[in-house]
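Okay, structure first, notes after.
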Amino acid sequence: MGHAARPAASSTRSTTAGSARSAGSAGSAGSARSAAAAVRCRLPALAAAAGMVAVLGVVPAGAAGHESADKGAPAKTPVAVGYGGAVSSVDPDASAAGIDVLRHGGNAVDAAVATAAALGVTEPYSAGVGGGGYFVYYNAKRHKVSTLDGRETAPRSADQKLFLDRNGKPLPFADAVTSGLSVGTPGTPATWNDALKDWGTRSLGQVLRPAERLARDGFTVDSTFRQQTADNQARFKDFPATAKLFLPGGEPPAVGSTFRNPDLARTYALLAKKGVGAIYKGELGRDIVDTVRKPPVDPKAQRVVRAGDLTTEDLRSYATKRQAPTRTDYRGLDVYGMAPSSSGGTSVAEALNILEKTDLSKLSDVDYLHRYIEASRIAFADRGRWVGDPAAEDVPTEGLTSQRFADSRACLIKDDAVLKSPVPPGDPNNPSGPGSCDTRGHAAPTTYEGENTTHLTVADKWGNVVAYTLTIEQTGGSGITVPGRGFLLNNELTDFSFAPADPAVHDPNLPGPGKRPRSSMSPTIVLDGHKPVLALGSPGGATIITTVLQTLLNHLDRGMPLVDAIAAPRASQRNAAQTELEPGLWNGPERAKLEALGHSFKQNPEIGAATGVQRLSGGRWLAAAETERRGGGSAMVVSPKR
């Protein structure tokens, strides 16, 4: 493996020598053309810089594998450069599972499923067979990007009153989460099966072997796993199956101890033998339904746990959706993302299009952040009004990702003023002309979305690439473990709006029969012609969109090597009164200058936890992960040398 690159300092200063001047409110066509040319010229230099930092072996303080913080835990390396393919995830055991598949001839899809299955062992509070996600795949031979929507679905009996009490009032969020009501039909097993069937070269049983072995033999508990367990201890103890698995002896497992999950090992063995039909048509599915309909609560618990209405027919009728990705041109590059039911692809594309005509490489840090924040604010205004499950809503995906619509929204951004949230949505079906800045319409605030998920990114020696984001929603999901099966059930249905944020504004994300709740997951692949440039994604609920957007801008416009673009402190604006800032920006000089413009901030200790891969010259790949967030990520390559 390669070595770690130094994280960016607590500012978003470009590593290139751009002058600190404003480019004007929309920029000129000339500056847009020069910015596009600059990005194309900068890509080889960024690739060379990425390779150089790996060769130099500079390790950021506090990120040298975390051996001192997590005694006995496998080392984590946030950047690696080499040949034969690359894997980046939050966990070294999971990344190693993917690398093992690549090393033995599997392709990126095989390795992605193997990595995801291993994350179900080591990151069980973020992902697993009880959840869902979105899979974006670039086929190097066909030069084509394809996607699978493996989002969970509501029971067929669900309606808009799913999370309302007898008086028609929304349930307290915490009560809705820890309940059978919140559990959607899992989509992750179907995603694994369909991805392997369509694009893989290995069977499900073959790629599950590393994860089955990991679950049986165990992994070393680190401080992140222990803390996440402790944060959920109060509700985990109320479910005997959950407490038995995750609270051995009644307490969170100790850092440095070995955590084994023999029930999950048997579940993986069952899936390997019988296929995913064991979930959607068989005994495992019946256990899921029984658990949802009669949550197994400790009789001594004081918690009221509502039952759900999932049925075996809901499982039997589940299917992933194969659909075209979103696509937009940015600085001459093709940016592909996930179409609705996720809002990630449309929102990232709209924000990029809003920023397209401004040369961000020439702006000061403050001006750059101002424009990024305002573009995010506008994109979230349009997301809230228009994006839901396209099977139940008329979602104008083409309009939301069009340059014409973005131009009609970009003119809202001013150099010397800040938009007031909530900003009213625009109309992508009938956008006003560029420069008209139509602000008519009724604004609604952004509804809440849970913040835990996991993301993995994979590339293989043939040039195939996968960006895959998967989740069980909250940290710990519903808190309900299927007895004897070793995995937690999701609480994904709480991603629906419990009620309209504003009765005067149509909400496309209300519950409905068989409906997929809106997501912010944003697995993204960037191509230059037919060649991959990078792939990227992050956990973090609605902050996923801003994390992916800011990382792309840091890398493509501000000239940061990918690992630095990921490490840089983040800001997240989601059409709210205040923008969230990580400590690096909260304590930095930019905040006061942005506040002088009219921005208002609140602190968020950690936003997102991205991973990515980047194509370098000569058949090399770079894998990049977090240097600090979530205890740091794990980037690996098959071999540092040919």
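Residues in the structure tokens are named by chain (A, B, ... in the order shown) and by number from 1 within that chain; ligands are numbered from 1 in the order shown.
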*Contacts of Val418 in chain A at 10 Å (only C-alpha atoms; same-chain gap of 2+ positions) as number ranges by chain*: A: 370-371, 373-374, 412-416, 420-421, 594-595, 597-600
Selection file, N, CA and C atoms, as an mmCIF file, in the first residue's frame:
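Printed below is result-v2.cif as written:
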```
data_model
loop_
_atom_site.group_PDB
_atom_site.id
_atom_site.type_symbol
_atom_site.label_atom_id
_atom_site.label_comp_id
_atom_site.auth_asym_id
_atom_site.auth_seq_id
_atom_site.Cartn_x
_atom_site.Cartn_y
_atom_site.Cartn_z
ATOM 1 N N HIS A 370 -18.644 31.102 -0.101
ATOM 2 C CA HIS A 370 -19.917 31.812 -0.252
ATOM 3 C C HIS A 370 -20.717 31.247 -1.422
ATOM 4 N N ARG A 371 -20.064 31.067 -2.550
ATOM 5 C CA ARG A 371 -20.778 30.579 -3.735
ATOM 6 C C ARG A 371 -21.195 29.120 -3.576
ATOM 7 N N ILE A 373 -21.870 27.574 -0.752
ATOM 8 C CA ILE A 373 -22.973 27.548 0.203
ATOM 9 C C ILE A 373 -24.280 27.967 -0.460
ATOM 10 N N GLU A 374 -24.246 29.026 -1.234
ATOM 11 C CA GLU A 374 -25.472 29.519 -1.863
ATOM 12 C C GLU A 374 -25.988 28.547 -2.929
ATOM 13 N N LEU A 412 -29.611 34.107 -8.667
ATOM 14 C CA LEU A 412 -30.009 34.489 -7.311
ATOM 15 C C LEU A 412 -28.798 34.799 -6.436
ATOM 16 N N ILE A 413 -27.641 34.280 -6.805
ATOM 17 C CA ILE A 413 -26.446 34.429 -5.969
ATOM 18 C C ILE A 413 -25.812 35.799 -6.213
ATOM 19 N N LYS A 414 -25.581 36.521 -5.141
ATOM 20 C CA LYS A 414 -24.960 37.843 -5.203
ATOM 21 C C LYS A 414 -23.633 37.821 -4.451
ATOM 22 N N ASP A 415 -22.696 38.625 -4.912
ATOM 23 C CA ASP A 415 -21.389 38.678 -4.267
ATOM 24 C C ASP A 415 -21.447 39.265 -2.864
ATOM 25 N N ASP A 416 -22.399 40.174 -2.641
ATOM 26 C CA ASP A 416 -22.398 40.961 -1.407
ATOM 27 C C ASP A 416 -23.641 40.750 -0.555
ATOM 28 N N LYS A 420 -31.942 34.232 1.964
ATOM 29 C CA LYS A 420 -32.618 33.901 3.213
ATOM 30 C C LYS A 420 -33.373 32.589 3.050
ATOM 31 N N SER A 421 -33.067 31.637 3.908
ATOM 32 C CA SER A 421 -33.761 30.345 3.865
ATOM 33 C C SER A 421 -35.005 30.367 4.748
ATOM 34 N N LEU A 594 -17.434 35.559 6.326
ATOM 35 C CA LEU A 594 -18.711 35.106 5.778
ATOM 36 C C LEU A 594 -19.877 35.641 6.606
ATOM 37 N N GLU A 595 -19.713 35.716 7.914
ATOM 38 C CA GLU A 595 -20.756 36.296 8.761
ATOM 39 C C GLU A 595 -20.963 37.770 8.435
ATOM 40 N N LEU A 597 -20.857 38.988 5.565
ATOM 41 C CA LEU A 597 -21.705 39.005 4.372
ATOM 42 C C LEU A 597 -23.171 38.765 4.711
ATOM 43 N N GLY A 598 -23.415 38.110 5.858
ATOM 44 C CA GLY A 598 -24.780 37.789 6.256
ATOM 45 C C GLY A 598 -25.030 36.326 6.534
ATOM 46 N N HIS A 599 -24.010 35.482 6.399
ATOM 47 C CA HIS A 599 -24.166 34.059 6.699
ATOM 48 C C HIS A 599 -24.306 33.843 8.199
ATOM 49 N N SER A 600 -25.063 32.814 8.560
ATOM 50 C CA SER A 600 -25.205 32.413 9.956
ATOM 51 C C SER A 600 -24.800 30.945 10.071
#
```
*asked:* Neighbouring residues of Ala467 in chain A were defined as those with any atom within 8 Å, considering only C-alpha atoms; residues of the same chain fewer than 4 positions away were excluded. Please report them as a list in words.
replied: Phe135, Val136, Tyr137, His455, Leu456, Thr457, Val458, Pro523, Thr524, Ile525, Ala535, Leu536 and Gly537 of chain A
_Top pick for closest residue to Pro210 in chain A, considering A:Ala459, A:Leu400, A:Ala592, A:Ile99 and counting only C-alpha atoms_ = A:Ile99
*Determine the nearest neighbour of Leu148 in chain A from the options A:Pro325, A:Pro172, A:Gly105, A:Gly200, counting only C-alpha atoms.*
A:Pro325
*asked:* Would you pick out the contacts of Lys281 in chain A at 12 Å or less, using only C-alpha atoms, so that residues sharing its chain but fewer than 4 positions from it are not included, and give the list as a PyMOL selection string?
replied: chain A and resi 190+271+274-277+285-289+311-318
Prev. selection, all heavy atoms, output as a compact mmCIF listing (two decimals), in the first residue's frame:
```
# COMPACT_ATOMS: atom_id res chain seq x y z
N ALA A 190 -30.84 -8.01 -2.65
CA ALA A 190 -31.21 -8.00 -4.06
C ALA A 190 -30.21 -7.20 -4.88
O ALA A 190 -29.90 -7.56 -6.03
CB ALA A 190 -32.61 -7.41 -4.23
N LEU A 271 -27.22 -17.63 2.66
CA LEU A 271 -27.35 -16.90 1.40
C LEU A 271 -26.45 -17.49 0.33
O LEU A 271 -26.82 -17.54 -0.86
CB LEU A 271 -27.02 -15.42 1.62
CG LEU A 271 -28.01 -14.63 2.47
CD1 LEU A 271 -27.47 -13.21 2.75
CD2 LEU A 271 -29.37 -14.55 1.81
N LYS A 274 -28.38 -20.91 -0.62
CA LYS A 274 -29.72 -20.84 -1.19
C LYS A 274 -29.99 -19.58 -2.00
O LYS A 274 -31.05 -19.46 -2.63
CB LYS A 274 -30.76 -20.95 -0.07
CG LYS A 274 -30.74 -22.30 0.64
CD LYS A 274 -31.91 -22.44 1.60
CE LYS A 274 -31.96 -23.82 2.23
NZ LYS A 274 -33.12 -23.97 3.13
N GLY A 275 -29.05 -18.61 -1.97
CA GLY A 275 -29.27 -17.37 -2.70
C GLY A 275 -30.18 -16.43 -1.93
O GLY A 275 -30.67 -16.75 -0.84
N VAL A 276 -30.44 -15.26 -2.53
CA VAL A 276 -31.24 -14.26 -1.82
C VAL A 276 -32.70 -14.63 -1.73
O VAL A 276 -33.48 -13.98 -1.03
CB VAL A 276 -31.08 -12.86 -2.47
CG1 VAL A 276 -29.63 -12.40 -2.40
CG2 VAL A 276 -31.58 -12.86 -3.91
N GLY A 277 -33.10 -15.70 -2.40
CA GLY A 277 -34.45 -16.22 -2.23
C GLY A 277 -34.73 -16.60 -0.79
O GLY A 277 -35.89 -16.62 -0.36
N GLY A 285 -36.61 -14.58 5.33
CA GLY A 285 -37.62 -13.54 5.16
C GLY A 285 -38.75 -13.66 6.16
O GLY A 285 -39.25 -12.65 6.68
N ARG A 286 -39.16 -14.89 6.45
CA ARG A 286 -40.23 -15.07 7.44
C ARG A 286 -39.78 -14.60 8.81
O ARG A 286 -40.57 -14.01 9.57
CB ARG A 286 -40.64 -16.55 7.47
CG ARG A 286 -41.41 -16.99 6.23
CD ARG A 286 -42.05 -18.35 6.42
NE ARG A 286 -41.05 -19.42 6.54
CZ ARG A 286 -40.53 -20.08 5.50
NH1 ARG A 286 -40.90 -19.76 4.26
NH2 ARG A 286 -39.64 -21.03 5.69
N ASP A 287 -38.50 -14.81 9.13
CA ASP A 287 -37.99 -14.32 10.42
C ASP A 287 -37.99 -12.79 10.46
O ASP A 287 -38.28 -12.19 11.51
CB ASP A 287 -36.57 -14.83 10.65
CG ASP A 287 -36.54 -16.31 11.00
OD1 ASP A 287 -37.62 -16.89 11.24
OD2 ASP A 287 -35.43 -16.87 11.05
N ILE A 288 -37.64 -12.16 9.34
CA ILE A 288 -37.68 -10.69 9.28
C ILE A 288 -39.09 -10.18 9.50
O ILE A 288 -39.33 -9.27 10.31
CB ILE A 288 -37.13 -10.20 7.91
CG1 ILE A 288 -35.63 -10.47 7.81
CG2 ILE A 288 -37.43 -8.71 7.72
CD1 ILE A 288 -35.05 -10.19 6.43
N VAL A 289 -40.05 -10.76 8.80
CA VAL A 289 -41.45 -10.33 8.92
C VAL A 289 -41.96 -10.53 10.35
O VAL A 289 -42.61 -9.64 10.93
CB VAL A 289 -42.33 -11.09 7.91
CG1 VAL A 289 -43.81 -10.88 8.21
CG2 VAL A 289 -42.00 -10.63 6.49
N THR A 311 -45.01 -7.63 5.27
CA THR A 311 -45.53 -8.97 5.03
C THR A 311 -44.57 -9.76 4.14
O THR A 311 -43.69 -9.20 3.48
CB THR A 311 -46.90 -8.92 4.33
OG1 THR A 311 -46.74 -8.39 3.00
CG2 THR A 311 -47.88 -8.05 5.11
N THR A 312 -44.78 -11.08 4.10
CA THR A 312 -43.98 -11.91 3.20
C THR A 312 -44.24 -11.53 1.75
O THR A 312 -43.36 -11.66 0.90
CB THR A 312 -44.29 -13.39 3.41
OG1 THR A 312 -45.70 -13.61 3.30
CG2 THR A 312 -43.82 -13.84 4.79
N GLU A 313 -45.42 -11.04 1.44
CA GLU A 313 -45.71 -10.60 0.07
C GLU A 313 -44.92 -9.35 -0.28
O GLU A 313 -44.49 -9.18 -1.43
CB GLU A 313 -47.21 -10.35 -0.10
CG GLU A 313 -47.62 -9.98 -1.52
CD GLU A 313 -47.20 -11.01 -2.55
OE1 GLU A 313 -47.20 -12.22 -2.24
OE2 GLU A 313 -46.85 -10.59 -3.69
N ASP A 314 -44.70 -8.45 0.70
CA ASP A 314 -43.85 -7.28 0.44
C ASP A 314 -42.44 -7.74 0.06
O ASP A 314 -41.83 -7.18 -0.86
CB ASP A 314 -43.78 -6.40 1.69
CG ASP A 314 -45.09 -5.68 1.99
OD1 ASP A 314 -45.73 -5.21 1.03
OD2 ASP A 314 -45.46 -5.61 3.17
N LEU A 315 -41.93 -8.74 0.77
CA LEU A 315 -40.61 -9.26 0.44
C LEU A 315 -40.62 -9.94 -0.94
O LEU A 315 -39.71 -9.73 -1.75
CB LEU A 315 -40.15 -10.26 1.50
CG LEU A 315 -39.77 -9.69 2.87
CD1 LEU A 315 -39.53 -10.82 3.85
CD2 LEU A 315 -38.53 -8.82 2.77
N ARG A 316 -41.61 -10.73 -1.19
CA ARG A 316 -41.69 -11.48 -2.44
C ARG A 316 -41.75 -10.56 -3.66
O ARG A 316 -41.20 -10.87 -4.73
CB ARG A 316 -42.91 -12.41 -2.42
CG ARG A 316 -43.01 -13.35 -3.61
CD ARG A 316 -44.22 -14.25 -3.45
NE ARG A 316 -44.09 -15.13 -2.30
CZ ARG A 316 -43.47 -16.30 -2.33
NH1 ARG A 316 -42.94 -16.75 -3.46
NH2 ARG A 316 -43.39 -17.04 -1.24
N SER A 317 -42.41 -9.43 -3.50
CA SER A 317 -42.60 -8.52 -4.64
C SER A 317 -41.48 -7.50 -4.80
O SER A 317 -41.49 -6.70 -5.75
CB SER A 317 -43.94 -7.79 -4.51
OG SER A 317 -43.97 -6.99 -3.34
N TYR A 318 -40.48 -7.52 -3.90
CA TYR A 318 -39.42 -6.52 -3.99
C TYR A 318 -38.54 -6.75 -5.22
O TYR A 318 -38.22 -7.89 -5.57
CB TYR A 318 -38.53 -6.52 -2.74
CG TYR A 318 -37.47 -5.44 -2.83
CD1 TYR A 318 -37.76 -4.15 -2.44
CD2 TYR A 318 -36.22 -5.70 -3.38
CE1 TYR A 318 -36.82 -3.14 -2.58
CE2 TYR A 318 -35.27 -4.70 -3.52
CZ TYR A 318 -35.58 -3.42 -3.12
OH TYR A 318 -34.66 -2.42 -3.28
```
*Counting only C-alpha atoms, which of A:Asp222, A:Glu251, A:Asp407, A:Glu580 gets nearest to Asn353 in chain A?*
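Among the listed residues, A:Asp407 lies closest to Asn353 in chain A.
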*Take CA of Gly399 in chain A and CA of Asn430 in chain A and report the distance between them in Å, one decimal.*
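A separation of 8.5 Å between them.
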*Could you jot down the CA of Ser617 in chain A to CA of Pro44 in chain A separation for me, Å, one decimal place?*
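CA of Pro44 in chain A lies 8.1 Å from CA of Ser617 in chain A.
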*With only C-alpha atoms as the atoms that count, which of A:Pro240, A:Gly120, A:Pro640, A:Gly131 lies nearest to Ile480 in chain A?*
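Closest candidate: A:Pro240.
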*as a ChimeraX atom specification, which residues of range 101-218 of chain A does DSSP assign to alpha helix (DSSP H)?*
/A:101-103,108-122,173-177,188-199,204-217
How close does each residue of range 163-248 of chain A get to range 630-633 of chain A, giving the shortest atom pair and distance in Å to one decimal for every residue with an atom at most 12 Å away, counting only C-alpha atoms, sorted by chain and residue number, as CSV?
```
residue,atom,partner,partner_atom,distance
A:Asp222,CA,A:Gly631,CA,8.6
A:Ser223,CA,A:Gly631,CA,7.9
A:Thr224,CA,A:Gly631,CA,6.4
A:Phe225,CA,A:Arg630,CA,9.4
A:Arg226,CA,A:Gly631,CA,11.7
A:Gln227,CA,A:Arg630,CA,10.5
A:Gln228,CA,A:Arg630,CA,10.2
```
Could the residues in this selection be saved with N, CA, C and O atoms as a PDB file, in the first residue's frame?
```pdb
ATOM      1  N   ASP A 222     -12.575  -1.313  17.700  1.00  0.00           N
ATOM      2  CA  ASP A 222     -11.873  -0.035  17.834  1.00  0.00           C
ATOM      3  C   ASP A 222     -12.747   0.943  18.615  1.00  0.00           C
ATOM      4  O   ASP A 222     -13.878   0.631  19.010  1.00  0.00           O
ATOM      5  N   SER A 223     -12.226   2.134  18.842  1.00  0.00           N
ATOM      6  CA  SER A 223     -12.943   3.102  19.683  1.00  0.00           C
ATOM      7  C   SER A 223     -14.222   3.591  19.018  1.00  0.00           C
ATOM      8  O   SER A 223     -15.197   3.918  19.703  1.00  0.00           O
ATOM      9  N   THR A 224     -14.247   3.646  17.678  1.00  0.00           N
ATOM     10  CA  THR A 224     -15.462   4.082  16.984  1.00  0.00           C
ATOM     11  C   THR A 224     -16.584   3.079  17.195  1.00  0.00           C
ATOM     12  O   THR A 224     -17.729   3.454  17.502  1.00  0.00           O
ATOM     13  N   PHE A 225     -16.285   1.792  17.037  1.00  0.00           N
ATOM     14  CA  PHE A 225     -17.305   0.757  17.230  1.00  0.00           C
ATOM     15  C   PHE A 225     -17.821   0.774  18.668  1.00  0.00           C
ATOM     16  O   PHE A 225     -19.034   0.694  18.908  1.00  0.00           O
ATOM     17  N   ARG A 226     -16.916   0.885  19.607  1.00  0.00           N
ATOM     18  CA  ARG A 226     -17.348   0.913  21.009  1.00  0.00           C
ATOM     19  C   ARG A 226     -18.217   2.143  21.290  1.00  0.00           C
ATOM     20  O   ARG A 226     -19.256   2.040  21.954  1.00  0.00           O
ATOM     21  N   GLN A 227     -17.834   3.308  20.775  1.00  0.00           N
ATOM     22  CA  GLN A 227     -18.597   4.516  21.043  1.00  0.00           C
ATOM     23  C   GLN A 227     -19.983   4.449  20.410  1.00  0.00           C
ATOM     24  O   GLN A 227     -20.973   4.858  21.019  1.00  0.00           O
ATOM     25  N   GLN A 228     -20.060   3.927  19.180  1.00  0.00           N
ATOM     26  CA  GLN A 228     -21.362   3.791  18.536  1.00  0.00           C
ATOM     27  C   GLN A 228     -22.252   2.830  19.315  1.00  0.00           C
ATOM     28  O   GLN A 228     -23.471   3.044  19.413  1.00  0.00           O
TER      29      GLN A 228
END
```
Leaving out Leu581 in chain A and any residue of its chain fewer than 4 positions from it, which residues lie within 8 Å of it when counting only C-alpha atoms, given as a PDB file with C-alpha atoms, in the first residue's frame?
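The resulting file, out_1.pdb, is reproduced below:
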```pdb
ATOM      1  CA  PRO A 569     -13.051  20.955   6.696  1.00  0.00           C
ATOM      2  CA  ARG A 570     -16.632  20.999   5.467  1.00  0.00           C
ATOM      3  CA  ALA A 571     -19.612  23.303   5.383  1.00  0.00           C
ATOM      4  CA  SER A 572     -23.152  22.049   4.774  1.00  0.00           C
ATOM      5  CA  LEU A 585     -13.913  26.280   9.463  1.00  0.00           C
ATOM      6  CA  TRP A 586     -15.674  27.288  12.680  1.00  0.00           C
ATOM      7  CA  PHE A 601     -23.490  29.274  11.233  1.00  0.00           C
ATOM      8  CA  LYS A 602     -23.705  26.498  13.778  1.00  0.00           C
ATOM      9  CA  GLN A 603     -21.033  23.946  14.542  1.00  0.00           C
ATOM     10  CA  ASN A 604     -21.199  20.283  13.530  1.00  0.00           C
ATOM     11  CA  PRO A 605     -18.264  18.227  14.874  1.00  0.00           C
TER      12      PRO A 605
END
```
